[in-house]
file coords_36.txt (compact mmCIF, C-alpha atoms and all ligand atoms)
# COMPACT_ATOMS: atom_id res chain seq x y z
CA MET A 1 85.96 92.89 39.35
CA LYS A 2 88.81 90.56 38.36
CA ASN A 3 89.06 89.21 34.82
CA LYS A 4 90.65 85.96 36.05
CA PHE A 5 87.25 84.90 37.44
CA PHE A 6 85.67 85.46 34.03
CA GLU A 7 88.39 83.18 32.62
CA ILE A 8 87.26 80.43 35.01
CA ALA A 9 83.58 81.03 34.23
CA PHE A 10 84.39 80.94 30.50
CA MET A 11 86.28 77.61 30.75
CA HIS A 12 83.26 76.14 32.53
CA SER A 13 80.82 77.55 29.97
CA LEU A 14 82.55 75.61 27.17
CA LYS A 15 81.72 72.32 28.88
CA GLY A 16 78.06 72.88 27.95
CA ILE A 17 78.68 72.91 24.17
CA PRO A 18 76.85 71.40 22.28
CA MET A 19 74.41 69.94 24.83
CA VAL A 20 72.87 73.35 25.61
CA ALA A 21 72.01 74.44 22.05
CA PRO A 22 69.94 76.31 21.04
CA ASN A 23 70.56 77.85 24.45
CA PRO A 24 73.90 79.65 24.93
CA PRO A 25 76.91 78.15 26.71
CA VAL A 26 77.15 79.90 30.11
CA GLY A 27 79.51 79.53 33.06
CA ALA A 28 79.31 81.04 36.54
CA VAL A 29 81.73 81.40 39.46
CA LEU A 30 81.20 82.37 43.10
CA VAL A 31 84.00 84.36 44.69
CA LYS A 32 84.67 84.93 48.41
CA ASP A 33 87.54 87.04 49.78
CA GLY A 34 89.21 87.17 46.37
CA LYS A 35 89.07 83.36 45.85
CA ALA A 36 86.91 81.34 43.45
CA ILE A 37 85.12 78.85 45.69
CA CYS A 38 82.57 77.32 43.31
CA ALA A 39 82.14 77.13 39.56
CA SER A 40 79.53 75.55 37.34
CA HIS A 41 77.83 75.84 33.96
CA HIS A 42 74.62 75.34 32.01
CA LYS A 43 74.77 71.62 31.24
CA ALA A 44 71.89 70.75 28.91
CA TYR A 45 69.07 72.41 26.97
CA GLY A 46 65.99 72.94 29.14
CA LYS A 47 67.94 72.15 32.31
CA ALA A 48 69.13 74.44 35.13
CA HIS A 49 71.07 77.57 34.13
CA ALA A 50 74.67 78.17 35.24
CA GLU A 51 73.59 80.55 38.05
CA VAL A 52 71.28 77.88 39.54
CA ASN A 53 73.96 75.19 39.27
CA VAL A 54 76.68 77.27 40.90
CA ILE A 55 74.41 78.23 43.83
CA GLN A 56 73.37 74.58 44.29
CA GLU A 57 77.02 73.57 44.17
CA PHE A 58 77.80 76.15 46.87
CA LYS A 59 74.98 74.90 49.10
CA LYS A 60 76.23 71.31 48.72
CA LYS A 61 79.80 72.30 49.50
CA PHE A 62 79.03 74.71 52.33
CA PRO A 63 75.69 73.67 53.89
CA GLY A 64 74.01 76.33 56.02
CA ILE A 65 76.44 79.11 54.97
CA SER A 66 74.94 82.35 53.65
CA LEU A 67 75.80 83.69 50.19
CA SER A 68 75.51 87.30 51.34
CA ASP A 69 79.18 88.31 51.11
CA LEU A 70 79.81 86.51 47.83
CA ASP A 71 80.35 87.88 44.33
CA MET A 72 78.97 86.12 41.29
CA TYR A 73 80.75 86.16 37.94
CA VAL A 74 78.65 84.99 35.01
CA THR A 75 79.49 84.91 31.29
CA LEU A 76 75.98 85.93 30.14
CA GLU A 77 73.38 88.30 31.54
CA PRO A 78 71.04 86.33 33.85
CA CYS A 79 67.55 85.64 32.47
CA CYS A 80 64.59 87.48 34.00
CA THR A 81 61.69 85.52 32.54
CA GLN A 82 60.03 82.21 33.24
CA GLY A 83 61.09 79.78 30.52
CA LYS A 84 61.84 76.09 30.91
CA THR A 85 63.34 77.15 34.24
CA GLU A 86 62.61 79.87 36.82
CA PRO A 87 64.02 83.39 36.21
CA CYS A 88 67.65 83.44 37.40
CA THR A 89 67.22 87.05 38.54
CA ASP A 90 64.72 85.85 41.24
CA LEU A 91 67.16 83.24 42.45
CA ILE A 92 70.05 85.73 42.59
CA LEU A 93 67.94 88.35 44.39
CA ASN A 94 66.76 85.79 46.95
CA SER A 95 70.26 84.38 47.46
CA GLY A 96 71.65 87.46 49.19
CA ILE A 97 74.55 87.92 46.74
CA ASN A 98 75.58 91.59 46.63
CA ASN A 99 77.83 91.95 43.60
CA ILE A 100 77.24 90.44 40.21
CA TYR A 101 79.71 90.77 37.37
CA ILE A 102 78.43 89.99 33.88
CA ALA A 103 80.53 89.43 30.78
CA HIS A 104 78.05 89.65 27.92
CA LYS A 105 74.54 90.99 27.32
CA ASP A 106 71.82 88.53 26.34
CA ALA A 107 71.09 88.52 22.60
CA ASN A 108 67.64 87.09 23.25
CA ASN A 109 65.41 90.16 23.54
CA VAL A 110 63.02 88.38 25.89
CA ASN A 111 65.78 88.10 28.49
CA SER A 112 67.79 91.23 27.86
CA ARG A 113 66.39 93.04 30.90
CA GLY A 114 68.11 90.80 33.46
CA ALA A 115 70.80 93.28 34.50
CA LYS A 116 68.23 96.07 34.81
CA VAL A 117 65.98 93.96 37.04
CA LEU A 118 68.93 93.14 39.31
CA MET A 119 70.01 96.79 39.51
CA GLN A 120 66.47 98.01 40.18
CA ASN A 121 66.37 95.62 43.12
CA GLY A 122 69.51 97.05 44.66
CA LEU A 123 72.22 94.69 43.44
CA ASN A 124 75.59 96.04 42.43
CA VAL A 125 75.84 95.00 38.74
CA LYS A 126 78.91 95.59 36.56
CA PHE A 127 79.68 94.55 33.00
CA LEU A 128 83.05 93.30 31.76
CA GLU A 129 85.01 95.80 29.61
CA LYS A 130 84.53 95.00 25.93
CA ASN A 131 88.13 95.72 24.98
CA THR A 132 89.53 92.79 27.00
CA ASP A 133 90.79 89.44 25.65
CA ILE A 134 88.41 87.50 27.84
CA PHE A 135 85.41 89.48 26.55
CA LYS A 136 86.49 88.64 23.00
CA LYS A 137 86.75 84.92 23.80
CA ILE A 138 83.31 84.89 25.41
CA ASN A 139 81.83 86.85 22.50
CA LEU A 140 83.31 84.31 20.02
CA SER A 141 81.86 81.38 21.98
CA LEU A 142 78.42 83.06 21.81
CA GLN A 143 78.50 83.82 18.06
CA PRO A 144 76.02 81.06 17.03
CA PHE A 145 73.62 82.09 19.80
CA ILE A 146 73.82 85.80 18.92
CA LYS A 147 73.33 85.15 15.19
CA TRP A 148 70.40 82.83 15.93
CA HIS A 149 68.57 85.59 17.80
CA LEU A 150 69.64 88.49 15.59
CA HIS A 151 69.02 86.83 12.21
CA LYS A 152 67.12 83.58 12.80
CA LEU A 153 69.81 81.70 10.86
CA PRO A 154 72.29 78.96 11.76
CA TYR A 155 75.96 79.85 12.16
CA VAL A 156 78.04 78.40 9.31
CA THR A 157 81.67 77.26 9.45
CA LEU A 158 83.18 76.23 6.11
CA LYS A 159 86.03 73.75 6.63
CA ALA A 160 88.49 72.22 4.14
CA GLY A 161 91.82 70.45 4.08
CA ILE A 162 93.74 71.61 0.99
CA THR A 163 97.14 71.81 -0.67
CA LEU A 164 98.99 75.10 -1.10
CA ASP A 165 97.47 75.41 -4.59
CA GLY A 166 93.97 75.13 -3.13
CA LYS A 167 93.23 71.51 -4.08
CA LEU A 168 90.80 69.42 -2.10
CA ALA A 169 91.25 66.10 -3.89
CA THR A 170 93.05 64.41 -6.76
CA ALA A 171 91.31 64.24 -10.12
CA ASP A 172 90.02 60.69 -9.47
CA LYS A 173 88.57 61.88 -6.07
CA LYS A 174 90.27 58.96 -4.28
CA SER A 175 92.78 61.02 -2.27
CA LYS A 176 90.61 61.12 0.91
CA TRP A 177 92.94 62.92 3.37
CA ILE A 178 95.18 65.83 2.46
CA THR A 179 96.26 66.76 5.99
CA GLN A 180 97.86 64.77 8.79
CA GLU A 181 96.30 63.32 11.89
CA ASP A 182 96.98 66.18 14.35
CA ALA A 183 95.35 68.70 12.01
CA ARG A 184 92.39 66.36 11.48
CA LEU A 185 92.05 65.89 15.23
CA ASN A 186 91.86 69.67 15.65
CA SER A 187 89.17 69.79 12.98
CA SER A 188 87.07 67.09 14.68
CA LYS A 189 87.35 68.96 18.00
CA ILE A 190 85.90 72.04 16.31
CA ARG A 191 83.25 69.91 14.55
CA ASN A 192 82.22 68.72 18.00
CA LEU A 193 81.34 72.29 18.95
CA HIS A 194 78.71 72.46 16.18
CA ASP A 195 75.15 71.18 16.15
CA ALA A 196 75.54 69.53 12.76
CA VAL A 197 78.08 68.56 10.13
CA LEU A 198 77.17 68.73 6.44
CA ILE A 199 78.75 67.03 3.40
CA GLY A 200 77.78 66.48 -0.23
CA LYS A 201 76.74 63.22 -1.82
CA THR A 202 80.06 62.58 -3.60
CA THR A 203 82.03 62.99 -0.38
CA PHE A 204 79.50 60.70 1.33
CA ILE A 205 80.16 58.06 -1.36
CA GLU A 206 83.87 58.51 -2.16
CA ASP A 207 85.21 59.21 1.34
CA ASN A 208 82.64 57.03 3.11
CA PRO A 209 83.29 59.00 6.33
CA SER A 210 81.88 58.34 9.80
CA LEU A 211 81.93 62.05 10.86
CA LYS A 212 81.74 61.05 14.50
CA PHE A 213 80.61 63.30 17.30
CA LYS A 214 82.19 62.87 20.73
CA ASN A 215 78.99 63.43 22.67
CA ILE A 216 77.06 60.20 22.35
CA ASN A 217 73.89 61.64 23.90
CA SER A 218 73.87 64.94 22.03
CA GLN A 219 71.29 65.86 19.40
CA GLN A 220 74.01 66.64 16.84
CA LYS A 221 73.12 65.74 13.24
CA GLN A 222 75.07 64.47 10.23
CA ILE A 223 73.63 66.00 7.08
CA VAL A 224 74.12 64.92 3.47
CA LEU A 225 73.17 67.33 0.68
CA CYS A 226 72.29 65.34 -2.46
CA ASP A 227 70.82 65.76 -5.91
CA ASP A 228 69.28 62.26 -5.62
CA LEU A 229 69.46 59.26 -3.31
CA ASN A 230 71.36 56.91 -5.64
CA PHE A 231 74.07 55.38 -3.49
CA SER A 232 74.94 52.04 -1.96
CA ASP A 233 73.21 51.06 1.26
CA ASP A 234 76.55 49.88 2.69
CA LEU A 235 77.98 53.34 3.38
CA LYS A 236 79.19 53.86 6.96
CA LEU A 237 77.03 56.86 7.79
CA LEU A 238 73.88 54.85 7.05
CA LYS A 239 74.46 53.04 10.35
CA SER A 240 74.17 56.37 12.21
CA LYS A 241 71.05 57.44 14.08
CA ARG A 242 71.82 61.11 13.40
CA LEU A 243 71.65 61.08 9.63
CA VAL A 244 69.57 63.66 7.75
CA PHE A 245 69.26 63.97 3.96
CA PHE A 246 68.43 67.16 2.11
CA VAL A 247 67.72 66.01 -1.39
CA GLY A 248 66.61 67.49 -4.72
CA ASN A 249 63.15 66.68 -6.08
CA LYS A 250 64.37 64.06 -8.55
CA ALA A 251 64.92 61.62 -5.65
CA SER A 252 62.82 58.50 -6.13
CA GLY A 253 59.87 58.18 -3.74
CA LYS A 254 60.87 54.57 -3.13
CA ARG A 255 64.34 55.60 -1.87
CA VAL A 256 62.86 58.37 0.30
CA LEU A 257 60.54 55.79 1.87
CA LYS A 258 63.30 53.21 2.33
CA LEU A 259 65.68 55.68 4.04
CA SER A 260 62.86 57.07 6.17
CA ASN A 261 61.88 53.53 7.21
CA LEU A 262 65.50 52.96 8.24
CA GLY A 263 65.04 55.87 10.68
CA HIS A 264 66.80 58.62 8.70
CA GLU A 265 65.25 62.05 8.24
CA VAL A 266 64.75 62.94 4.57
CA TYR A 267 63.77 66.42 3.38
CA VAL A 268 62.93 66.74 -0.29
CA SER A 269 63.34 70.07 -2.03
CA LYS A 270 60.52 71.66 -4.03
CA SER A 271 63.06 72.24 -6.81
CA GLU A 272 65.81 70.22 -8.49
CA LEU A 273 68.35 71.32 -5.85
CA PHE A 274 67.94 73.03 -2.48
CA SER A 275 68.14 76.82 -2.56
CA ALA A 276 70.22 78.32 0.24
CA GLU A 277 67.11 80.06 1.60
CA ALA A 278 65.12 76.80 1.75
CA LEU A 279 68.04 74.91 3.31
CA PHE A 280 68.68 77.57 5.97
CA LYS A 281 64.98 77.80 6.83
CA ALA A 282 64.83 74.00 7.24
CA LEU A 283 67.96 74.01 9.43
CA TYR A 284 66.48 76.77 11.57
CA ASP A 285 63.23 74.80 11.96
CA LEU A 286 65.31 71.80 13.08
CA LYS A 287 66.83 74.10 15.75
CA ILE A 288 70.32 73.61 14.30
CA GLN A 289 72.14 76.67 15.57
CA SER A 290 75.55 75.94 14.08
CA ILE A 291 76.71 73.89 11.12
CA PHE A 292 80.14 72.61 10.12
CA VAL A 293 80.35 72.29 6.33
CA GLU A 294 83.03 69.75 5.35
CA GLY A 295 82.77 69.79 1.55
CA GLY A 296 83.33 68.64 -1.03
CA ALA A 297 84.00 71.14 -3.75
CA ARG A 298 80.47 71.56 -5.08
CA VAL A 299 79.03 71.89 -1.60
CA HIS A 300 81.65 74.52 -0.76
CA GLY A 301 80.80 76.23 -4.06
CA PHE A 302 77.10 76.19 -3.20
CA PHE A 303 77.72 77.78 0.22
CA TYR A 304 80.28 80.27 -1.08
CA ASP A 305 78.02 81.42 -3.94
CA SER A 306 75.15 81.78 -1.48
CA PHE A 307 77.44 83.84 0.76
CA LEU A 308 78.35 86.13 -2.14
CA GLN A 309 74.60 86.84 -2.47
CA ASN A 310 74.02 87.12 1.27
CA SER A 311 76.89 87.70 3.71
CA LEU A 312 75.02 85.89 6.48
CA PHE A 313 75.35 82.50 4.75
CA VAL A 314 78.99 81.81 5.78
CA ASP A 315 80.49 83.07 9.03
CA ARG A 316 83.76 81.28 9.66
CA LEU A 317 86.41 79.78 7.39
CA LEU A 318 88.63 77.00 8.68
CA ILE A 319 91.25 75.99 6.13
CA TYR A 320 93.85 73.32 6.93
CA TYR A 321 96.82 73.58 4.57
CA ALA A 322 99.21 70.74 3.76
CA PRO A 323 102.64 72.16 2.78
CA PHE A 324 102.77 70.90 -0.80
CA LEU A 325 101.29 71.52 -4.23
CA MET A 326 99.05 69.24 -6.26
CA GLY A 327 100.02 71.00 -9.48
CA ASN A 328 97.38 69.21 -11.53
CA ASN A 329 94.82 71.08 -13.55
CA GLU A 330 92.28 68.24 -13.30
CA SER A 331 92.43 67.96 -9.52
CA VAL A 332 89.51 69.23 -7.43
CA SER A 333 89.65 72.87 -6.24
CA ILE A 334 88.39 73.97 -2.85
CA ALA A 335 85.15 75.42 -4.22
CA GLN A 336 83.45 74.60 -7.49
CA GLY A 337 80.86 77.29 -7.81
CA THR A 338 80.36 80.45 -9.82
CA GLY A 339 82.48 82.52 -7.42
CA VAL A 340 83.71 85.99 -8.38
CA SER A 341 85.18 87.06 -11.69
CA ASP A 342 86.00 90.59 -10.55
CA LEU A 343 88.30 91.01 -7.54
CA SER A 344 86.53 94.20 -6.48
CA THR A 345 83.53 92.05 -5.49
CA VAL A 346 85.35 89.64 -3.12
CA LYS A 347 84.34 89.59 0.53
CA LYS A 348 87.30 89.59 2.87
CA LEU A 349 87.73 87.96 6.26
CA LYS A 350 87.30 90.48 9.07
CA GLU A 351 90.04 88.75 11.06
CA TYR A 352 91.97 85.50 11.18
CA THR A 353 94.61 83.58 13.09
CA LEU A 354 97.17 81.02 11.90
CA LYS A 355 97.98 77.87 13.84
CA ALA A 356 100.80 75.43 13.13
CA PHE A 357 100.61 71.64 13.50
CA SER A 358 103.50 69.18 13.24
CA ARG A 359 103.46 69.42 9.44
CA ASP A 360 100.32 71.33 8.40
CA PHE A 361 98.90 74.71 9.35
CA CYS A 362 95.45 76.20 9.66
CA LEU A 363 93.80 79.50 8.93
CA ASP A 364 90.84 80.23 11.21
CA GLY A 365 89.01 83.31 9.97
CA TYR A 366 85.76 85.18 10.44
CA PHE A 367 83.64 86.82 7.76
CA ASN A 368 81.12 87.91 10.37
CA LEU A 369 81.55 88.94 13.99
CA TYR A 370 78.24 89.41 15.75
CA PRO A 371 78.47 92.08 18.44
CA ASP A 372 77.30 92.32 22.01
CA LYS A 373 74.36 94.74 22.19
N1 LIG B 1 90.11 67.75 1.52
C1 LIG B 1 88.94 68.00 2.06
O1 LIG B 1 88.81 68.75 3.03
C2 LIG B 1 87.72 67.37 1.48
C3 LIG B 1 86.53 67.45 2.17
C4 LIG B 1 85.39 66.90 1.60
C5 LIG B 1 85.49 66.30 0.37
N2 LIG B 1 86.66 66.22 -0.28
C6 LIG B 1 86.75 65.61 -1.59
O2 LIG B 1 85.87 66.28 -2.46
C7 LIG B 1 85.44 65.38 -3.46
C8 LIG B 1 83.94 65.50 -3.62
O3 LIG B 1 83.60 66.81 -4.01
P1 LIG B 1 82.47 67.02 -5.12
O4 LIG B 1 82.43 68.44 -5.45
O5 LIG B 1 82.68 66.03 -6.22
O6 LIG B 1 81.14 66.55 -4.41
P2 LIG B 1 80.40 67.00 -3.07
O7 LIG B 1 80.47 68.46 -2.94
O8 LIG B 1 80.84 66.14 -1.95
O9 LIG B 1 78.91 66.55 -3.37
C9 LIG B 1 78.23 67.05 -4.43
C10 LIG B 1 76.77 66.57 -4.29
O10 LIG B 1 76.06 67.53 -3.56
C11 LIG B 1 74.93 67.88 -4.34
N3 LIG B 1 74.53 69.25 -4.07
C12 LIG B 1 75.31 70.37 -4.08
N4 LIG B 1 74.53 71.45 -3.81
C13 LIG B 1 73.27 70.99 -3.65
C14 LIG B 1 72.04 71.61 -3.34
N5 LIG B 1 71.95 72.91 -3.21
N6 LIG B 1 70.92 70.83 -3.19
C15 LIG B 1 71.02 69.50 -3.35
N7 LIG B 1 72.16 68.85 -3.64
C16 LIG B 1 73.27 69.58 -3.80
C17 LIG B 1 75.41 67.72 -5.76
O11 LIG B 1 74.37 67.71 -6.69
P3 LIG B 1 74.74 68.16 -8.22
O12 LIG B 1 75.58 67.05 -8.74
O13 LIG B 1 73.41 68.29 -8.89
O14 LIG B 1 75.49 69.45 -8.13
C18 LIG B 1 76.09 66.38 -5.62
O15 LIG B 1 75.16 65.32 -5.53
C19 LIG B 1 85.86 64.01 -3.00
O16 LIG B 1 87.00 63.62 -3.72
C20 LIG B 1 86.26 64.19 -1.56
O17 LIG B 1 87.29 63.32 -1.16
C21 LIG B 1 87.80 66.74 0.26

call {"tool": "encode", "arguments": {"input": "coords_36.txt", "output": "structure tokens"}}
result
Amino acid sequence: MKNKFFEIAFMHSLKGIPMVAPNPPVGAVLVKDGKAICASHHKAYGKAHAEVNVIQEFKKKFPGISLSDLDMYVTLEPCCTQGKTEPCTDLILNSGINNIYIAHKDANNVNSRGAKVLMQNGLNVKFLEKNTDIFKKINLSLQPFIKWHLHKLPYVTLKAGITLDGKLATADKKSKWITQEDARLNSSKIRNLHDAVLIGKTTFIEDNPSLKFKNINSQQKQIVLCDDLNFSDDLKLLKSKRLVFFVGNKASGKRVLKLSNLGHEVYVSKSELFSAEALFKALYDLKIQSIFVEGGARVHGFFYDSFLQNSLFVDRLLIYYAPFLMGNNESVSIAQGTGVSDLSTVKKLKEYTLKAFSRDFCLDGYFNLYPDK
């Protein structure tokens, strides 16, 4: 087993994000005589798995050639049940492949017997060592999928662009961008890896963002969390076909009807504002496996306070820092919630990295790291 082939399989797996959600991103490589000869990935939800695609790719490239002396490297344990597609274990067993190297166990209990089935049928099956860098990268890429199956909750990334004194916006809320273009580009790349982006009503109005997703055909959603639906109908996002509103119960029925007739999804809370539990349940029902929360301050406060009650409500923190101070007491802080008043009750990041841009820098940290089984 060579870790470099898992690196190739991993790079391919990433190409499936976000089209495969709520399935996991998976990549597979076929190796002959120490050389990777074919690689592929799971491309879209409900469509062929990575193992099927890589075998088909091989047959196209090398018609009539047997797979019997090939090794397969795959980033996730092959499935062993009939779902939207045939069990991959059947395909692998019928292919003649002798060695299969697997990076990560399947978090979905229904499929977590794949390796056993292959072994019982005489295949040589080995798992990647968990203390390797490549295992860690694959595990990180599978975090939303693992959380989804372990906890039936979407994976939450809280993102903000702030000054060194933790300010999100000037007091008049007209500042719009704190960080420079290269940092913002990095943020939109990471947004693209999520199934939905969420902002609050004031950000929707004041920033009038487009919150674009790169994948035109994806099912990714743009969500606005609002107390009511009182805003101008000229805002940019209202032209989007991906827009979803989660609104408090004081929203006028007329506005709900109008926005619904325009093709937007509108979910009205039973109470004045959405509770975290109700919001997360609704997101789960919409099959949103990962969500990128882009503020503003009250929305961050809402998520952070919910996280203080339940550690599963925020997983990742992505903070882009501009190297200056606002220095103004009236300016808007990163999170306007209840927060903590006693430092012994803070919840710390389990790990983080720092990345520098041309002027700004970013902290990418994890509150939760969901394990392989
Ligand atoms: N630098 C950055 O990264 C960044 C990112 C985004 C925004 N911003 C800035 O942040 C400022 C806006 O922040 P903000 O705090 O004023 O507003 P906001 O967080 O964008 O939006 C607040 C809205 O969300 C509603 N809301 C919050 N929790 C809710 C819940 N559980 N259910 C239903 N509705 C809920 C609020 O209702 P209530 O009024 O009832 O609480 C209010 O309507 C703007 O200046 C924007 O430019 C900066």

call {"tool": "residues_around", "arguments": {"input": "coords_36.txt", "residues": "stretch 101-110 of chain A", "least_positions_apart": "4", "cutoff": "6 Å", "atoms": "only C-alpha atoms", "output": "ChimeraX atom specification"}}
result
/A:73-77,125-128,146,149

call {"tool": "write_last_selection", "arguments": {"input": "coords_36.txt", "atoms": "C-alpha atoms", "output": "PDB file, in the frame of the given file"}}
result
ATOM      1  CA  TYR A  73      80.750  86.160  37.940  1.00  0.00           C
ATOM      2  CA  VAL A  74      78.650  84.990  35.010  1.00  0.00           C
ATOM      3  CA  THR A  75      79.490  84.910  31.290  1.00  0.00           C
ATOM      4  CA  LEU A  76      75.980  85.930  30.140  1.00  0.00           C
ATOM      5  CA  GLU A  77      73.380  88.300  31.540  1.00  0.00           C
ATOM      6  CA  VAL A 125      75.840  95.000  38.740  1.00  0.00           C
ATOM      7  CA  LYS A 126      78.910  95.590  36.560  1.00  0.00           C
ATOM      8  CA  PHE A 127      79.680  94.550  33.000  1.00  0.00           C
ATOM      9  CA  LEU A 128      83.050  93.300  31.760  1.00  0.00           C
ATOM     10  CA  ILE A 146      73.820  85.800  18.920  1.00  0.00           C
ATOM     11  CA  HIS A 149      68.570  85.590  17.800  1.00  0.00           C
TER      12      HIS A 149
END

call {"tool": "residues_around", "arguments": {"input": "coords_36.txt", "residues": "A:Ser240", "least_positions_apart": "3", "cutoff": "12 Å", "atoms": "all atoms listed in the file", "output": "PyMOL selection string"}}
result
chain A and resi 209-213+216+220-223+234-237+243-244+259+262-265

call {"tool": "atom_distance", "arguments": {"input": "coords_36.txt", "atom1": "atom CA of A:Asn139", "atom2": "atom CA of A:Ser13"}}
result
12.0 Å

call {"tool": "atom_distance", "arguments": {"input": "coords_36.txt", "atom1": "atom CA of A:Arg316", "atom2": "atom C2 of ligand LIG 1 (chain B)"}}
result
16.6 Å

call {"tool": "residues_near_ligand", "arguments": {"input": "coords_36.txt", "ligand": "ligand LIG 1 (chain B)", "cutoff": "7 Å", "atoms": "only C-alpha atoms and all ligand atoms", "output": "ChimeraX atom specification"}}
result
/A:159-162,168-170,173-178,199-204,206-207,225-228,246-248,273-276,294-300,302,332,336

call {"tool": "atom_distance", "arguments": {"input": "coords_36.txt", "atom1": "atom CA of A:His151", "atom2": "atom CA of A:Asn217"}}
result
28.2 Å

call {"tool": "residues_around", "arguments": {"input": "coords_36.txt", "residues": "A:Met72", "least_positions_apart": "2", "cutoff": "6 Å", "atoms": "all atoms listed in the file", "output": "list of chain:residue names"}}
result
A:Val29, A:Leu30, A:Ile100

call {"tool": "closest_residue", "arguments": {"input": "coords_36.txt", "among": "A:Leu123, A:Cys79, A:Leu312, A:Leu193", "to": "A:Leu153", "atoms": "only C-alpha atoms"}}
result
A:Leu312

call {"tool": "closest_residue", "arguments": {"input": "coords_36.txt", "among": "A:Val266, A:Ile205, A:Ala44, A:Ala196", "to": "A:Leu14", "atoms": "all atoms listed in the file"}}
result
A:Ala44

call {"tool": "residues_around", "arguments": {"input": "coords_36.txt", "residues": "A:Asn94", "least_positions_apart": "2", "cutoff": "12 Å", "atoms": "all atoms listed in the file", "output": "MDAnalysis selection string"}}
result
chainID A and resid 52 55 66:68 87:92 96:98 118 121:123

call {"tool": "residues_around", "arguments": {"input": "coords_36.txt", "residues": "A:Phe307", "least_positions_apart": "5", "cutoff": "10 Å", "atoms": "only C-alpha atoms", "output": "number ranges by chain"}}
result
A: 276, 301-302, 312-315, 339, 347, 367

call {"tool": "axis_aligned_box", "arguments": {"input": "coords_36.txt", "around": "stretch 178-190 of chain A", "padding_each_side": "4 Å", "output": "AutoDock Vina command-line options"}}
result
--center_x 91.9 --center_y 67.7 --center_z 10.2 --size_x 20.0 --size_y 16.7 --size_z 23.5

call {"tool": "closest_residue", "arguments": {"input": "coords_36.txt", "among": "A:Glu57, A:Glu51, A:Asp133, A:Asp360", "to": "A:Ala28", "atoms": "all atoms listed in the file"}}
result
A:Glu51

call {"tool": "closest_residue", "arguments": {"input": "coords_36.txt", "among": "A:Phe145, A:Phe324, A:Phe135, A:Phe58", "to": "A:Phe5", "atoms": "only C-alpha atoms"}}
result
A:Phe135

call {"tool": "closest_residue", "arguments": {"input": "coords_36.txt", "among": "A:Pro154, A:Phe361, A:Asn23, A:Lys61", "to": "A:Lys43", "atoms": "only C-alpha atoms"}}
result
A:Asn23

call {"tool": "closest_residue", "arguments": {"input": "coords_36.txt", "among": "A:Gln289, A:Ser269, A:Gln180, A:Ser333", "to": "A:Pro24", "atoms": "all atoms listed in the file"}}
result
A:Gln289

call {"tool": "residues_near_point", "arguments": {"input": "coords_36.txt", "point": "(76.0, 66.7, 24.8)", "cutoff": "6 Å", "atoms": "only C-alpha atoms", "output": "list in words"}}
result
Pro18, Met19, Asn215, Asn217 and Ser218 of chain A

call {"tool": "build_atoms", "arguments": {"input": "coords_36.txt", "residues": "stretch 228-239 of chain A", "atoms": "N, CA and C atoms", "output": "mmCIF file, in the frame of the given file"}}
result
data_model
loop_
_atom_site.group_PDB
_atom_site.id
_atom_site.type_symbol
_atom_site.label_atom_id
_atom_site.label_comp_id
_atom_site.auth_asym_id
_atom_site.auth_seq_id
_atom_site.Cartn_x
_atom_site.Cartn_y
_atom_site.Cartn_z
ATOM 1 N N ASP A 228 70.213 63.393 -5.688
ATOM 2 C CA ASP A 228 69.280 62.260 -5.620
ATOM 3 C C ASP A 228 69.755 61.315 -4.516
ATOM 4 N N LEU A 229 69.095 60.177 -4.396
ATOM 5 C CA LEU A 229 69.460 59.260 -3.310
ATOM 6 C C LEU A 229 70.074 57.966 -3.869
ATOM 7 N N ASN A 230 70.764 58.096 -5.011
ATOM 8 C CA ASN A 230 71.360 56.910 -5.640
ATOM 9 C C ASN A 230 72.743 56.646 -5.067
ATOM 10 N N PHE A 231 72.793 55.795 -4.075
ATOM 11 C CA PHE A 231 74.070 55.380 -3.490
ATOM 12 C C PHE A 231 73.864 54.011 -2.839
ATOM 13 N N SER A 232 74.993 53.381 -2.558
ATOM 14 C CA SER A 232 74.940 52.040 -1.960
ATOM 15 C C SER A 232 74.422 52.117 -0.527
ATOM 16 N N ASP A 233 73.728 51.077 -0.111
ATOM 17 C CA ASP A 233 73.210 51.060 1.260
ATOM 18 C C ASP A 233 74.247 50.557 2.258
ATOM 19 N N ASP A 234 75.501 50.377 1.786
ATOM 20 C CA ASP A 234 76.550 49.880 2.690
ATOM 21 C C ASP A 234 77.415 51.002 3.267
ATOM 22 N N LEU A 235 77.113 52.249 2.917
ATOM 23 C CA LEU A 235 77.980 53.340 3.380
ATOM 24 C C LEU A 235 77.901 53.476 4.905
ATOM 25 N N LYS A 236 79.078 53.856 5.491
ATOM 26 C CA LYS A 236 79.190 53.860 6.960
ATOM 27 C C LYS A 236 78.142 54.721 7.657
ATOM 28 N N LEU A 237 77.923 55.921 7.099
ATOM 29 C CA LEU A 237 77.030 56.860 7.790
ATOM 30 C C LEU A 237 75.593 56.327 7.897
ATOM 31 N N LEU A 238 75.250 55.375 7.021
ATOM 32 C CA LEU A 238 73.880 54.850 7.050
ATOM 33 C C LEU A 238 73.609 54.027 8.318
ATOM 34 N N LYS A 239 74.660 53.753 9.067
ATOM 35 C CA LYS A 239 74.460 53.040 10.350
ATOM 36 C C LYS A 239 74.173 54.043 11.480
#
